[in-house]
Each structure stands twice: as C-alpha cells, then as structure tokens.
There are 2 protein chains.
Amino acid sequence: MLSTMQDGHLSIGTLLRHGSKVHATSEITTWTGTGARRETFAELGANSARLANALRALGITGDQRVGTFMWNNAEHMAAYCAIPAMGAVLHTLNIRLFPEQLVFVANHAEDQVIIVDGTLVPLLAKQLPSMKTVRHVIVANGDAATLQAPDGIEVHSYAELLAAQPDTFDWPDVDERAAAAMCYTSGTTGDPKGVAYSHRSLWLHSMQVCMTDSMRLAEDDKALAIVPMFHAMSWGLPYAALMVGASLVMPDRFLQPEPIAQILDAEKPTFAAAVPTIWQGLLQQLEAHPQDISHLREVVVGGSAAPPSMMHAFEENYGVPILHAWGMTETSPLGSVARPPAAAEGDERWAYRYTQGRFPASVSARLIGDNGEELPWDNEAVGELEVQGPWIAASYYGGSAVDPEKFHDGWLRTGDVGKISPDGFLTLTDRSKDVIKSGGEWISSVDLENAVMGHPAVAEAAVIGVPDEKWDERPLVAVVLRQGQQVTAAELREYLADKVAKWQLPEHWTFVEEVPKTSVGKFDKKRLRALNHDGKLDITHF
Amino acid sequence: MLSTMQDGHLSIGTLLRHGSKVHATSEITTWTGTGARRETFAELGANSARLANALRALGITGDQRVGTFMWNNAEHMAAYCAIPAMGAVLHTLNIRLFPEQLVFVANHAEDQVIIVDGTLVPLLAKQLPSMKTVRHVIVANGDAATLQAPDGIEVHSYAELLAAQPDTFDWPDVDERAAAAMCYTSGTTGDPKGVAYSHRSLWLHSMQVCMTDSMRLAEDDKALAIVPMFHAMSWGLPYAALMVGASLVMPDRFLQPEPIAQILDAEKPTFAAAVPTIWQGLLQQLEAHPQDISHLREVVVGGSAAPPSMMHAFEENYGVPILHAWGMTETSPLGSVARPPAAAEGDERWAYRYTQGRFPASVSARLIGDNGEELPWDNEAVGELEVQGPWIAASYYGGSAVDPEKFHDGWLRTGDVGKISPDGFLTLTDRSKDVIKSGGEWISSVDLENAVMGHPAVAEAAVIGVPDEKWDERPLVAVVLRQGQQVTAAELREYLADKVAKWQLPEHWTFVEEVPKTSVGKFDKKRLRALNHDGKLDITHF
C-alpha cells in the first residue's frame, strides 16, 4: 500500500528558493584581509540566478559538470547554489591536489567550465592545457586578463558575466536522486575517486547538521566555515546555513592563525568548523595575543583526531567547547558526533568527548573482524568500520558498487579501524591499511605515534609495519626531532616502556628530516614504506 | 547523471533498530494514576519484536492494517514500532470519534486486528459488530475476558500473547514510500478522510522535530506526550524520541489538570506537547496549587491558536516558554513553528511568538486569493494557505489527488485563511469555509469571536456568515452567556464598537444554550448554519 504523501521537494533549487526568501536578511560575510564584504541571502538568490543564466548562455545544459577552484567566499557560495539548482553538477576542485591529480579529476568529471578565484589563476593556468573538456574559465575576484588560456578555452570575468544577466531563473524540478555535487577523495593509493552527492543526500545531511544532537546549527548562528568548500562540501555548513538562515562567515584565503583571530574579533561568529591543525595554530596565536573568543558557542573538529590537550585548552582557557566529529568525503561527511549522553557526569563526559562520537539514526554502523565476521559493540573488539545510510556513498563515479576493497554488501568500508561502545560511540585506533598485525594481534600505529610524540624532543613520529618472520609484522617508528633537540632510539624505547604493552614495544627505529605527506597534509605511509623497502632508511634495531 | 549515494534506509525498522540499540537505556514512562511504570528502549525493542511475532501468528501479512484504540502508553508505543517495522500499516483509531465515524474508518481502512486498552473496551465493544474486517482484538492493560466479541472475532490478552513470543524479529526491508501509519481526519463535512504516512515522511518529520529551530528534541530531553497518539502521530514525538534517544513520559488516560500536575511533579519532564485547553486547565490547577514547573525547558502548543494571555502566564509566572506551532493531520503535522528571528527584540519577539510560526525548508507555503492568484507575503494580503513538502499529503487514502476542494496543482489546500510576513511567519485569521465575504472584503469569524469573548459576561461566541442581499454575507453571532450573567445584543454591539472596524460590526445576534461541537471539541459551524437555515435561532437584527 502506497502512502498518500507528496514526493519530490528535496533539491538545491527548493533550498535556494527557501533560504533567499524566508531568510532574505541572513548574511554571507567574506573576509578581505582587512575587513569584510557582505551579501544577504536575498542577494545570494539574485546572484545565483545571474550565474545560472550566465552558465546557460555559455552552453551548460543537462547534468554537465561545472568546476570551482576557489576559496570559501560569497562567489563560491553562489556556485554552490546556482550549479545544482539549474540541474548541472558542481565539482569542487581541491586546490591542494598534486598537479597530476588535479588534471585527472577535471578530465574524469569532464568539467566544461571552471570558476576560479583570481589568486588561484597561476595554480590552475599551468594545468589548463591538460584539461581536455574545459571550454570556459570564469575568473572571480580578480583580473580575467591575467589568465593566458590555451586555444579553445574562453576566459571570462565573473563580475562582467553576471552583470549582464537577469536576477531571476526558473529553477527546474530535478530528480532528488540526481547528482548535485561532486568531490574527489585524494587517497594515498591509486587515482582520486569521485563521490557524487544527490540533491536528496545533501538535503538530509543539511537537516542532520541542524539537529540539536548534531551540530545544532540554527537561525541565530553565525557560522565561520574554515573547512574548505572543496573538502567534503565544507562539512555541510553552506547548505545547512541556507536551510535555517544561519549567517555564514567565509575566510576566503586568510586561513593563517593571525587573520583567523582577526576574523573572530571582527565578526564574533557563534560556531566554527575546521581540522585540528587550524585550531592548534589558533591556540598558539591566542597564547601570544590573548583575545576573548567566548562568542563561539562551540567549534567542531574533524578530519583527524583532536588531541585531548587541545580540547581542554579551548574549554578551560577560553570557554569554548570543542565538538569532536568523524566523517569522510564518502559520508558527506557527517558520520558521528561526540556529544556525551545526558547521564554521563564529570570525567565520564570527557571520556565520551575524546571519542569520534555517536552515530545518528541516519548512519548505521558495524565493525567487521579479520574473517569478515561482525564484531560486538563492547568497546573492546577492534575491527574495520562499515557504514550505511542515505548520505553514504554506494559507489564511486564511473566505478562499480561491486568493489570489494571499498564496498561490502551495500555497506561502505571506511578503511578506519576502531571499536564501538554499547551505546554507539566510536573510537578509532588506526587506518586499516596502517594497522600492524603482529602475532595475531593488532597494534595501532596511531596509538604508538601519539605515545612517541608525547616525548618533548619529538616533533613528529610515523609508525608503519615492516615484515617479520616470526610475528608477520612489527612496528617501525620514523621520528622527526624538534629543532635543537636530541634523543636516542634507546631512550625513546625506554620512554615508551610504561606507556604501551610490552609486546607492542617497537624494535625498529629511524630518524628522518621529515615525514612524507599527502596533498592534504596527512602522513603518507605508502611513501614511507617505499623508502624502507628501497633501503633508504637508516634503522636502529633492538 | 545519477548520484553515487546509497538509497533506502528511511524506515521505522531502521529507526527501531537504532533506538533500541544506541539508546538502549532511554525510557518510556507510563503514568498509572498513582505512580509510573518504566520500560527501556531496549525493552521496547524486545516487546516490539514479540508483538510483531504475535501479529504474524494471527495472520497479519503484507501491508494489512492493524488498528490501535489506545491511550498514550508503552503498549501503544510498541504498536507504533512493531506494526510499521514488520511491513504492516498502523491505524491509530481516534477514541473520540462519533460511533458512526469510528465504524466508518475501521471499515474503510479494512483493519484486521485492533489493539485496545482495557478501559476503552466498553467504547469499542458497542461498535465491533459493525466492523466488517476485524478478525482479532487484543486487549492491553486490562482483562480480555471483559470483552464479549461477536462471532468471527477472537479476543486475546496482550500480555499472554507477547509472553509466548520470541524477543527478536527479522525486520524486513520496506520501500520508503510504502505506507507506515494511517490517521483519519475528523472534518465537519463528509466522512473522515485517511492520511497514510510513509516510512520516508515519518523519518524526515522526525528529523525536523529534532532540529534546533523546530522542537529541538534531543537525547537529554524527557518529553511528556500529552497530545494523543491517535492525533496526527502525537505530533511526531514518539518516533523523534526513538531517533535521538529522548525519554518519553506517557500520561495514559490521566489527562485532567490534577494528574498532569502530578506527572510533572513526579517525572520532571523537560518538554511537553498539548492543545491549548490542556494548558489552560493546567494553569488554573497551578493557580490553585502552586508548583515549580521550571524543569520544562519549553512546551509546544498547537491544534488551535494559543491565547497570548496564556503564553504570558506560563512564561512570566512559571518561567516556561510556550512555543506556538501550526499543523494538521495532513501535514504530519509539523508545519510552522513560532521561534522569533535572532534579530527581533523585546515586544517584537512576542509579536512573532503569537503568530502560527515560520515555515521550515521542508514545507513550502503559498497564499491563494479569491481568483486563484498567488498573493504576496506582505503580512497584509489574506488568502487560503497551501503547502507542499515531503511530509504533506498528496491525496487521501482511496481518494484522488485530483480533488479540487483539497488539492491544487500538487499543493495541499489547508482550508486555513491567513497572511504571511516577508520573513515567512504565518498568521491565521480563519478557516476558509468560515470566513465571511462582505462586499468584496473578508471578515474573520475568529477575530470577531475573540472580540466578543473578551466581554466578561460571555462564555462562548461563534460567528457564521448569513446571506445578505446587498453585501453577499454578513456576520451572525451566537453567544453563550456565563452562568448567572446577563447582557443584551445591543450592549455587546456597543462593546465591540472600538474593537473592530465599523463595517465589520455584526448586525445579527442570537443567544444559545451551547455552541454545537465536533468530536474533537471544535465549533461545529455547519450545524450552526443548519439551525439558522431551519429558522431554529431567535435572532436580534440591527
């Protein structure tokens, strides 16, 4: 028996109509380095219509892809609205991809048009000749004349293009399951893989962002979106803000601690989202130049684990609670959020807050052990996390759902390894490819790294598994010393003795100038393994 | 281009699995008159499985309908979970329907089984012989032996039935657009009409209930669900509580002011939902017997307009903000919610709070004028409200979407008349069938009623339009005097003189013993019009 309820409705077009009308006076503020420029949601609606008209005039039809190569600013927000609402697909190009990856994703998505910020023109220009489907480049916030494009690519000024267009557009009805936006993951293995979010998944995810037990975004918020709009849709903030009329503060290219502190002082946002390194930088800035940041009701931290010390510093020194969250490009990205249960008290609340958080109803989770068996939620059994839900990827663009490395009977294999408590709180201990399998037990590379990095002489430490005849694998620690500091491998091993189980104590150590990093700044353990395999590391064995 | 996101997931089965596992320790408390009995969400999961097994054993298959004729209690909650999760359809029978309406809806929905509370057995038993499809009656919270059922209907004890069943059930995958639950509207014209909610609409609506700008239900809430579970799904509280792990307090049949005050005192809920008459009753109770109710962070009022005086009394005398909301059975029911914009201050906040509220992104609204034209949102133009969205009815069960009285190009005609402010706040002024069309202008019957009821001698006043040769229609006021009070029509007309526009002053007055009421206690103006048409009213004309 079918229900009698209406269908449809869930689309970026509906969202834009709603936000620009019901929340016409809410604002998008873009930082300029010395101050702010402001645009209301009503103006966003008008500019989105102008952009859609302009793209139509350039020949964009159907579900063609339009790329953005931009910072977080009002023009990027108009692209977020106009492109999906007109039925096309927004492709947010990650400006930090390696050049060959950038070319790969633009060609793979078959981007027809790219909108680029003026300051990013030099970065894009070099790769443009290799992008085979791009026909137009639109330069926003800069001088279009600075771009010398190859033959066959027309260059336009964003401002001039929009000025020539009407400020209304008849947003079409779209199938809620059609792609609205794409984001490629920049894994350490193989080519980047495209995740295509649907109108439906973005709508549901936006509702989640505004739920009280999630990020609780509301009309009375002013949200500082530090996490780039090319990283998993800026964690859902732009669309969620449009949904409830929260004002947005966009830092543009000013992401260093000092301008972030200036933005906080000038705009007094109530909420902000960023990776731990941004917050660590801000903390150092605040220690040197104290400033009241208690206007922030809460800040959300994800992307990688938030160190407990940082969480305490924010809360105890500045009165700002840090909300720990877990997600990935393939999960839109909101997975779990670490709000303690109401019944938890005192230190127990902190223990919950250190975890990666609790799964909402829309994200089902399970842990899978070595032999494919489902593990219990006892906060002890450690396995690979698999997730399922309406904003979780079922496949990659151009790929297949039958990819046993990534999907498993309709569940997404996250590649993250951890445990889950009986009440649904996730604690991650490693990436599945980095976990060290020693004598039938698992050793968390992340736990070892954190333990070694607790030593005052250590700046960074990366741990990989190396083959071992007796135990299958044993840990190798690559250490970067702090400038001017000295410590031996034997001393570090001694230092670890009361911090990790005896059988986990690493017997292979090496000192390096730096740990190789991926384009998004994570340890590139694949390259570290290659260096070891090629005998390029000077290793002390115990 | 299709997205790469997963589909499915939105079902009561998923919700039950989530709530009973992740929020296993959250509770459903049922009031017993002198105390409370408690059940955890884990136990709810087990009892729901037992009930599903029992229903399967009674032959319930596919999308057959199972009726409930129950108060708000833990057993009704298990029915809410088990019936849709097993793929069948929950039909909540309104215990306050007139007998012939009750028979009509049970036959129309083709209910196979009815679960009834022991105290309601006498009310159901009289109509059971007329219910043609019912094969089984399950008596909960009472003695099954008290029910003498007609031939062909088996009677069972809920407790015995469940005790014999296993506490797990393999909840099937269901299409999210399939019907999960049905509720019939008890209109004043024609037969009741069935609204069939889908798994999808219930899921989306539950998310809305938990959004910060909506009812902001969260894990740390304890929600007192006074609004009956047979009235538009208790305004979404049961499923939303399961979604986030909010505990539920169920008053069972104890809905009078004194037991409600006892429940508040004993359970200290943080949130509650009920129609204005319940809150008015509680207010009088509290005035006679003062009690601290500041544990309520907020209470939601809908169903009919909340008098401003009541909103002030709750907030100023008891520290409890009343949240005004609008909805109807056809809207699941959450339509608009009256949270003032962040920018509003002082009295302006109150002005916003008196309105029926602002529409969320998932509910689009428009106003339609006399000639079918769309009216502006200027807080002046008055027209009929039409709404659209994923939890809004597209048709009635067994009916057609092509019903120009109720649906209009894919929009639901609400039958409510009002105006909308530029920032999306709705103010209702009348029901469309009750508005008085006088000389091309509209007179709100509700506004006139409220003005007349402001006179101290008046207990109730109902206003209808009567035919007028010159003006088309003019208002007729039917007045019920307070006991022992006297006032003439001329005095009332004089009293109104400075309260309504001169051209709106009614020239037809009548005094009656009581205003006819519908089964849910609203003025039955259809019967009042019939009395007037038949010359049964003694009218004073000016």
# chains A, B, ... in the order shown; residues from 1 in each chain; ligands from 1
$ calpha_fit_rmsd --fixed "chain B" --moving "chain A"
0.2 Å
$ interface_residues --of "chain A" --to "chain B" --cutoff "7 Å" --atoms "only C-alpha atoms" --output "ChimeraX atom specification"
/A:1-9,15,18,22-23,63,177-179,195-198,207,210-213,216-220,243,341-342,361,389-397,423-424
$ residues_around --residues "Val479 (chain B)" --least-positions-apart "3" --cutoff "6 Å" --atoms "only C-alpha atoms" --output "list in words"
Glu460, Ala461, Phe511 and Val512 of chain B
$ residues_around --residues "region 78-80 of chain B" --least-positions-apart "5" --cutoff "7 Å" --atoms "only C-alpha atoms" --output "list of chain:residue names"
B:Leu44, B:Asn47, B:Ser48, B:Leu90
$ residues_around --residues "region 105-109 of chain B" --least-positions-apart "2" --cutoff "8 Å" --atoms "only C-alpha atoms" --output "PyMOL selection string"
chain B and resi 65+67+91+93+101-103+111+131-133+184+192+194
$ write_last_selection --atoms "all heavy atoms" --output "JSON list (two decimals), in the first residue's frame"
[["chain", "number", "residue", "atom", "x", "y", "z"],
["B", 65, "ARG", "N", -3.74, -3.70, 7.66],
["B", 65, "ARG", "CA", -3.86, -2.64, 8.67],
["B", 65, "ARG", "C", -4.16, -3.23, 10.04],
["B", 65, "ARG", "O", -5.01, -4.13, 10.17],
["B", 65, "ARG", "CB", -4.95, -1.65, 8.29],
["B", 65, "ARG", "CG", -4.43, -0.48, 7.48],
["B", 65, "ARG", "CD", -4.01, -0.85, 6.07],
["B", 65, "ARG", "NE", -5.13, -1.24, 5.23],
["B", 65, "ARG", "CZ", -5.02, -1.95, 4.13],
["B", 65, "ARG", "NH1", -3.84, -2.41, 3.72],
["B", 65, "ARG", "NH2", -6.09, -2.26, 3.43],
["B", 67, "GLY", "N", -5.25, -1.81, 13.74],
["B", 67, "GLY", "CA", -5.73, -0.62, 14.43],
["B", 67, "GLY", "C", -5.30, -0.59, 15.89],
["B", 67, "GLY", "O", -5.08, -1.63, 16.52],
["B", 91, "HIS", "N", -2.92, 1.77, 12.13],
["B", 91, "HIS", "CA", -4.04, 2.70, 12.01],
["B", 91, "HIS", "C", -4.46, 3.14, 13.41],
["B", 91, "HIS", "O", -5.04, 2.37, 14.16],
["B", 91, "HIS", "CB", -5.22, 2.03, 11.27],
["B", 91, "HIS", "CG", -6.45, 2.89, 11.22],
["B", 91, "HIS", "ND1", -7.70, 2.39, 10.94],
["B", 91, "HIS", "CD2", -6.61, 4.22, 11.43],
["B", 91, "HIS", "CE1", -8.58, 3.38, 10.99],
["B", 91, "HIS", "NE2", -7.97, 4.48, 11.28],
["B", 93, "LEU", "N", -6.79, 4.63, 15.75],
["B", 93, "LEU", "CA", -8.22, 4.98, 15.80],
["B", 93, "LEU", "C", -8.43, 6.03, 16.88],
["B", 93, "LEU", "O", -8.01, 5.86, 18.03],
["B", 93, "LEU", "CB", -9.06, 3.74, 16.11],
["B", 93, "LEU", "CG", -9.12, 2.70, 14.99],
["B", 93, "LEU", "CD1", -9.30, 1.30, 15.58],
["B", 93, "LEU", "CD2", -10.26, 3.02, 14.04],
["B", 101, "GLN", "N", -18.62, 7.34, 12.86],
["B", 101, "GLN", "CA", -17.33, 7.67, 12.24],
["B", 101, "GLN", "C", -16.30, 6.57, 12.54],
["B", 101, "GLN", "O", -15.52, 6.18, 11.69],
["B", 101, "GLN", "CB", -16.80, 9.00, 12.77],
["B", 101, "GLN", "CG", -17.60, 10.22, 12.29],
["B", 101, "GLN", "CD", -17.04, 11.52, 12.85],
["B", 101, "GLN", "OE1", -16.63, 11.57, 14.02],
["B", 101, "GLN", "NE2", -17.03, 12.56, 12.04],
["B", 102, "LEU", "N", -16.33, 6.09, 13.78],
["B", 102, "LEU", "CA", -15.40, 5.03, 14.19],
["B", 102, "LEU", "C", -15.60, 3.79, 13.33],
["B", 102, "LEU", "O", -14.63, 3.20, 12.83],
["B", 102, "LEU", "CB", -15.62, 4.71, 15.67],
["B", 102, "LEU", "CG", -14.73, 3.63, 16.27],
["B", 102, "LEU", "CD1", -13.26, 4.03, 16.18],
["B", 102, "LEU", "CD2", -15.10, 3.37, 17.72],
["B", 103, "VAL", "N", -16.85, 3.40, 13.14],
["B", 103, "VAL", "CA", -17.15, 2.24, 12.30],
["B", 103, "VAL", "C", -16.69, 2.50, 10.87],
["B", 103, "VAL", "O", -16.06, 1.66, 10.23],
["B", 103, "VAL", "CB", -18.66, 1.93, 12.34],
["B", 103, "VAL", "CG1", -19.04, 0.92, 11.27],
["B", 103, "VAL", "CG2", -19.04, 1.42, 13.73],
["B", 111, "ASP", "N", -9.29, -2.65, 8.75],
["B", 111, "ASP", "CA", -8.49, -3.12, 9.89],
["B", 111, "ASP", "C", -8.75, -4.60, 10.14],
["B", 111, "ASP", "O", -9.89, -5.04, 10.23],
["B", 111, "ASP", "CB", -8.85, -2.32, 11.15],
["B", 111, "ASP", "CG", -8.46, -0.85, 11.04],
["B", 111, "ASP", "OD1", -7.54, -0.54, 10.25],
["B", 111, "ASP", "OD2", -9.08, -0.02, 11.73],
["B", 131, "MET", "N", -17.94, -3.64, 12.53],
["B", 131, "MET", "CA", -16.63, -3.57, 11.87],
["B", 131, "MET", "C", -16.42, -4.86, 11.09],
["B", 131, "MET", "O", -16.22, -5.92, 11.67],
["B", 131, "MET", "CB", -15.53, -3.36, 12.91],
["B", 131, "MET", "CG", -15.66, -2.00, 13.61],
["B", 131, "MET", "SD", -14.36, -1.72, 14.84],
["B", 131, "MET", "CE", -14.72, -0.02, 15.31],
["B", 132, "LYS", "N", -16.44, -4.74, 9.76],
["B", 132, "LYS", "CA", -16.59, -5.93, 8.92],
["B", 132, "LYS", "C", -15.31, -6.73, 8.70],
["B", 132, "LYS", "O", -15.38, -7.90, 8.35],
["B", 132, "LYS", "CB", -17.16, -5.51, 7.56],
["B", 132, "LYS", "CG", -18.57, -4.95, 7.68],
["B", 132, "LYS", "CD", -19.02, -4.32, 6.36],
["B", 132, "LYS", "CE", -20.30, -3.53, 6.56],
["B", 132, "LYS", "NZ", -20.51, -2.54, 5.49],
["B", 133, "THR", "N", -14.15, -6.09, 8.84],
["B", 133, "THR", "CA", -12.91, -6.81, 8.50],
["B", 133, "THR", "C", -12.12, -7.26, 9.72],
["B", 133, "THR", "O", -11.14, -7.97, 9.59],
["B", 133, "THR", "CB", -12.00, -5.90, 7.64],
["B", 133, "THR", "OG1", -11.79, -4.68, 8.36],
["B", 133, "THR", "CG2", -12.65, -5.59, 6.30],
["B", 184, "TYR", "N", -7.04, 9.24, 10.37],
["B", 184, "TYR", "CA", -8.17, 9.86, 9.67],
["B", 184, "TYR", "C", -8.46, 11.23, 10.26],
["B", 184, "TYR", "O", -8.41, 11.42, 11.47],
["B", 184, "TYR", "CB", -9.41, 8.95, 9.76],
["B", 184, "TYR", "CG", -9.38, 7.81, 8.76],
["B", 184, "TYR", "CD1", -8.56, 6.71, 8.98],
["B", 184, "TYR", "CD2", -10.15, 7.85, 7.60],
["B", 184, "TYR", "CE1", -8.52, 5.66, 8.06],
["B", 184, "TYR", "CE2", -10.12, 6.81, 6.68],
["B", 184, "TYR", "CZ", -9.29, 5.72, 6.91],
["B", 184, "TYR", "OH", -9.25, 4.69, 6.00],
["B", 192, "PRO", "N", -14.87, 10.94, 7.46],
["B", 192, "PRO", "CA", -13.45, 11.14, 7.77],
["B", 192, "PRO", "C", -12.60, 10.70, 6.59],
["B", 192, "PRO", "O", -12.98, 9.82, 5.83],
["B", 192, "PRO", "CB", -13.23, 10.23, 8.99],
["B", 192, "PRO", "CG", -14.58, 10.06, 9.61],
["B", 192, "PRO", "CD", -15.54, 10.08, 8.45],
["B", 194, "GLY", "N", -8.69, 9.48, 5.22],
["B", 194, "GLY", "CA", -7.47, 8.85, 5.72],
["B", 194, "GLY", "C", -6.20, 9.41, 5.13],
["B", 194, "GLY", "O", -6.08, 9.54, 3.92]]
$ select_by_dssp --residues "region 205-283 of chain A" --states "alpha helix (DSSP H)" --output "PDB file with C-alpha atoms, in the first residue's frame"
ATOM      1  CA  HIS A 205      22.575  15.872   5.560  1.00  0.00           C
ATOM      2  CA  SER A 206      21.659  19.538   5.981  1.00  0.00           C
ATOM      3  CA  MET A 207      18.813  18.561   8.305  1.00  0.00           C
ATOM      4  CA  GLN A 208      21.280  16.465  10.300  1.00  0.00           C
ATOM      5  CA  VAL A 209      23.688  19.403  10.663  1.00  0.00           C
ATOM      6  CA  LEU A 237      27.736  24.157   6.590  1.00  0.00           C
ATOM      7  CA  PRO A 238      26.845  26.133   3.421  1.00  0.00           C
ATOM      8  CA  TYR A 239      23.650  24.230   2.595  1.00  0.00           C
ATOM      9  CA  ALA A 240      22.632  23.826   6.236  1.00  0.00           C
ATOM     10  CA  ALA A 241      23.006  27.580   6.752  1.00  0.00           C
ATOM     11  CA  LEU A 242      20.719  28.190   3.784  1.00  0.00           C
ATOM     12  CA  MET A 243      18.212  25.734   5.248  1.00  0.00           C
ATOM     13  CA  VAL A 244      17.795  27.534   8.580  1.00  0.00           C
ATOM     14  CA  PRO A 257      46.182  31.902  12.733  1.00  0.00           C
ATOM     15  CA  GLU A 258      46.559  35.674  12.766  1.00  0.00           C
ATOM     16  CA  PRO A 259      43.803  36.500  10.238  1.00  0.00           C
ATOM     17  CA  ILE A 260      41.543  33.827  11.776  1.00  0.00           C
ATOM     18  CA  ALA A 261      41.945  35.633  15.106  1.00  0.00           C
ATOM     19  CA  GLN A 262      41.140  38.924  13.345  1.00  0.00           C
ATOM     20  CA  ILE A 263      38.013  37.431  11.773  1.00  0.00           C
ATOM     21  CA  LEU A 264      36.880  36.110  15.164  1.00  0.00           C
ATOM     22  CA  ASP A 265      37.413  39.532  16.715  1.00  0.00           C
ATOM     23  CA  ALA A 266      35.646  41.434  13.940  1.00  0.00           C
ATOM     24  CA  GLU A 267      32.719  39.091  13.226  1.00  0.00           C
ATOM     25  CA  PRO A 276      42.815  20.184  14.325  1.00  0.00           C
ATOM     26  CA  THR A 277      45.861  21.933  12.808  1.00  0.00           C
ATOM     27  CA  ILE A 278      43.850  25.139  12.348  1.00  0.00           C
ATOM     28  CA  TRP A 279      42.753  25.074  15.992  1.00  0.00           C
ATOM     29  CA  GLN A 280      46.262  24.270  17.207  1.00  0.00           C
ATOM     30  CA  GLY A 281      47.551  27.277  15.275  1.00  0.00           C
ATOM     31  CA  LEU A 282      44.830  29.490  16.709  1.00  0.00           C
ATOM     32  CA  LEU A 283      45.634  28.292  20.216  1.00  0.00           C
TER      33      LEU A 283
END
$ residues_around --residues "Glu39 (chain B)" --least-positions-apart "2" --cutoff "9 Å" --atoms "only C-alpha atoms" --output "PyMOL selection string"
chain B and resi 25-30+37+41-44+74
$ write_last_selection --atoms "C-alpha atoms" --output "compact mmCIF listing (two decimals), in the first residue's frame"
# COMPACT_ATOMS: atom_id res chain seq x y z
CA THR B 25 18.81 2.91 28.34
CA SER B 26 16.40 5.70 27.39
CA GLU B 27 12.99 5.15 28.95
CA ILE B 28 9.28 5.16 28.30
CA THR B 29 7.44 6.00 31.47
CA THR B 30 3.70 5.31 31.64
CA ARG B 37 5.84 2.02 35.27
CA PHE B 41 14.17 1.42 24.74
CA ALA B 42 15.95 -1.97 24.76
CA GLU B 43 12.81 -3.49 26.30
CA LEU B 44 10.71 -1.59 23.77
CA ALA B 74 4.20 1.86 26.45
$ closest_residue --among "B:Trp235, B:Val463, B:Ser304, B:Val487" --to "Lys526 (chain B)" --atoms "only C-alpha atoms"
B:Val463
$ closest_residue --among "A:Gln284, A:Asn532, A:Ser130, A:Thr329" --to "Glu110 (chain A)" --atoms "only C-alpha atoms"
A:Ser130
$ residues_around --residues "Ala313 (chain A)" --least-positions-apart "5" --cutoff "10 Å" --atoms "only C-alpha atoms" --output "mmCIF file with N, CA and C atoms, in the first residue's frame"
data_model
loop_
_atom_site.group_PDB
_atom_site.id
_atom_site.type_symbol
_atom_site.label_atom_id
_atom_site.label_comp_id
_atom_site.auth_asym_id
_atom_site.auth_seq_id
_atom_site.Cartn_x
_atom_site.Cartn_y
_atom_site.Cartn_z
ATOM 1 N N GLN A 280 44.968 24.219 16.516
ATOM 2 C CA GLN A 280 46.262 24.270 17.207
ATOM 3 C C GLN A 280 46.955 25.595 16.920
ATOM 4 N N LEU A 283 45.309 28.363 18.792
ATOM 5 C CA LEU A 283 45.634 28.292 20.216
ATOM 6 C C LEU A 283 46.973 28.985 20.490
ATOM 7 N N PRO A 308 43.286 15.509 23.023
ATOM 8 C CA PRO A 308 42.575 15.922 24.238
ATOM 9 C C PRO A 308 43.120 17.211 24.853
ATOM 10 N N TYR A 318 39.443 29.229 27.357
ATOM 11 C CA TYR A 318 38.691 30.179 26.524
ATOM 12 C C TYR A 318 37.174 29.988 26.582
ATOM 13 N N GLY A 319 36.725 28.976 27.329
ATOM 14 C CA GLY A 319 35.283 28.781 27.476
ATOM 15 C C GLY A 319 34.593 28.300 26.213
ATOM 16 N N VAL A 320 35.364 27.671 25.324
ATOM 17 C CA VAL A 320 34.780 27.218 24.052
ATOM 18 C C VAL A 320 34.846 25.688 23.968
ATOM 19 N N PRO A 321 33.698 25.017 24.021
ATOM 20 C CA PRO A 321 33.719 23.557 23.891
ATOM 21 C C PRO A 321 34.070 23.135 22.462
ATOM 22 N N ILE A 322 34.926 22.123 22.374
ATOM 23 C CA ILE A 322 35.234 21.531 21.069
ATOM 24 C C ILE A 322 34.373 20.291 20.902
#
$ closest_residue --among "B:Leu496, B:Leu367, B:Ala82, B:Ala288" --to "Pro172 (chain B)" --atoms "only C-alpha atoms"
B:Ala82
$ decode --residues "region 26-45 of chain A" --atoms "N, CA and C atoms" --output "compact mmCIF listing (two decimals), in the first residue's frame"
# COMPACT_ATOMS: atom_id res chain seq x y z
N SER A 26 19.53 37.17 6.23
CA SER A 26 20.74 36.50 6.72
C SER A 26 21.89 36.83 5.77
N GLU A 27 23.11 36.74 6.28
CA GLU A 27 24.24 37.27 5.50
C GLU A 27 25.35 36.25 5.24
N ILE A 28 26.04 36.48 4.15
CA ILE A 28 27.31 35.81 3.89
C ILE A 28 28.38 36.90 3.94
N THR A 29 29.29 36.75 4.87
CA THR A 29 30.36 37.72 5.04
C THR A 29 31.64 37.09 4.51
N THR A 30 32.35 37.81 3.63
CA THR A 30 33.62 37.30 3.09
C THR A 30 34.74 38.21 3.59
N TRP A 31 35.75 37.60 4.19
CA TRP A 31 36.86 38.38 4.73
C TRP A 31 37.75 38.85 3.58
N THR A 32 38.22 40.09 3.68
CA THR A 32 39.04 40.66 2.59
C THR A 32 40.50 40.84 2.99
N GLY A 33 40.84 40.42 4.20
CA GLY A 33 42.22 40.60 4.66
C GLY A 33 42.28 41.76 5.65
N THR A 34 41.50 42.80 5.37
CA THR A 34 41.48 43.95 6.28
C THR A 34 40.08 44.22 6.80
N GLY A 35 39.10 43.63 6.19
CA GLY A 35 37.72 43.85 6.63
C GLY A 35 36.82 42.81 6.00
N ALA A 36 35.55 43.18 5.81
CA ALA A 36 34.60 42.19 5.32
C ALA A 36 33.72 42.79 4.25
N ARG A 37 33.33 41.99 3.27
CA ARG A 37 32.26 42.38 2.36
C ARG A 37 31.07 41.49 2.64
N ARG A 38 29.86 42.06 2.50
CA ARG A 38 28.67 41.35 2.94
C ARG A 38 27.64 41.22 1.83
N GLU A 39 26.91 40.13 1.88
CA GLU A 39 25.86 39.89 0.89
C GLU A 39 24.72 39.22 1.65
N THR A 40 23.49 39.63 1.43
CA THR A 40 22.36 38.97 2.09
C THR A 40 22.00 37.70 1.32
N PHE A 41 21.18 36.86 1.95
CA PHE A 41 20.71 35.66 1.26
C PHE A 41 19.81 36.04 0.07
N ALA A 42 19.12 37.18 0.19
CA ALA A 42 18.32 37.65 -0.95
C ALA A 42 19.25 37.95 -2.13
N GLU A 43 20.38 38.62 -1.83
CA GLU A 43 21.35 38.91 -2.90
C GLU A 43 21.99 37.62 -3.42
N LEU A 44 22.22 36.69 -2.53
CA LEU A 44 22.74 35.38 -2.96
C LEU A 44 21.78 34.75 -3.96
N GLY A 45 20.48 34.85 -3.67
CA GLY A 45 19.48 34.31 -4.60
C GLY A 45 19.58 34.97 -5.96
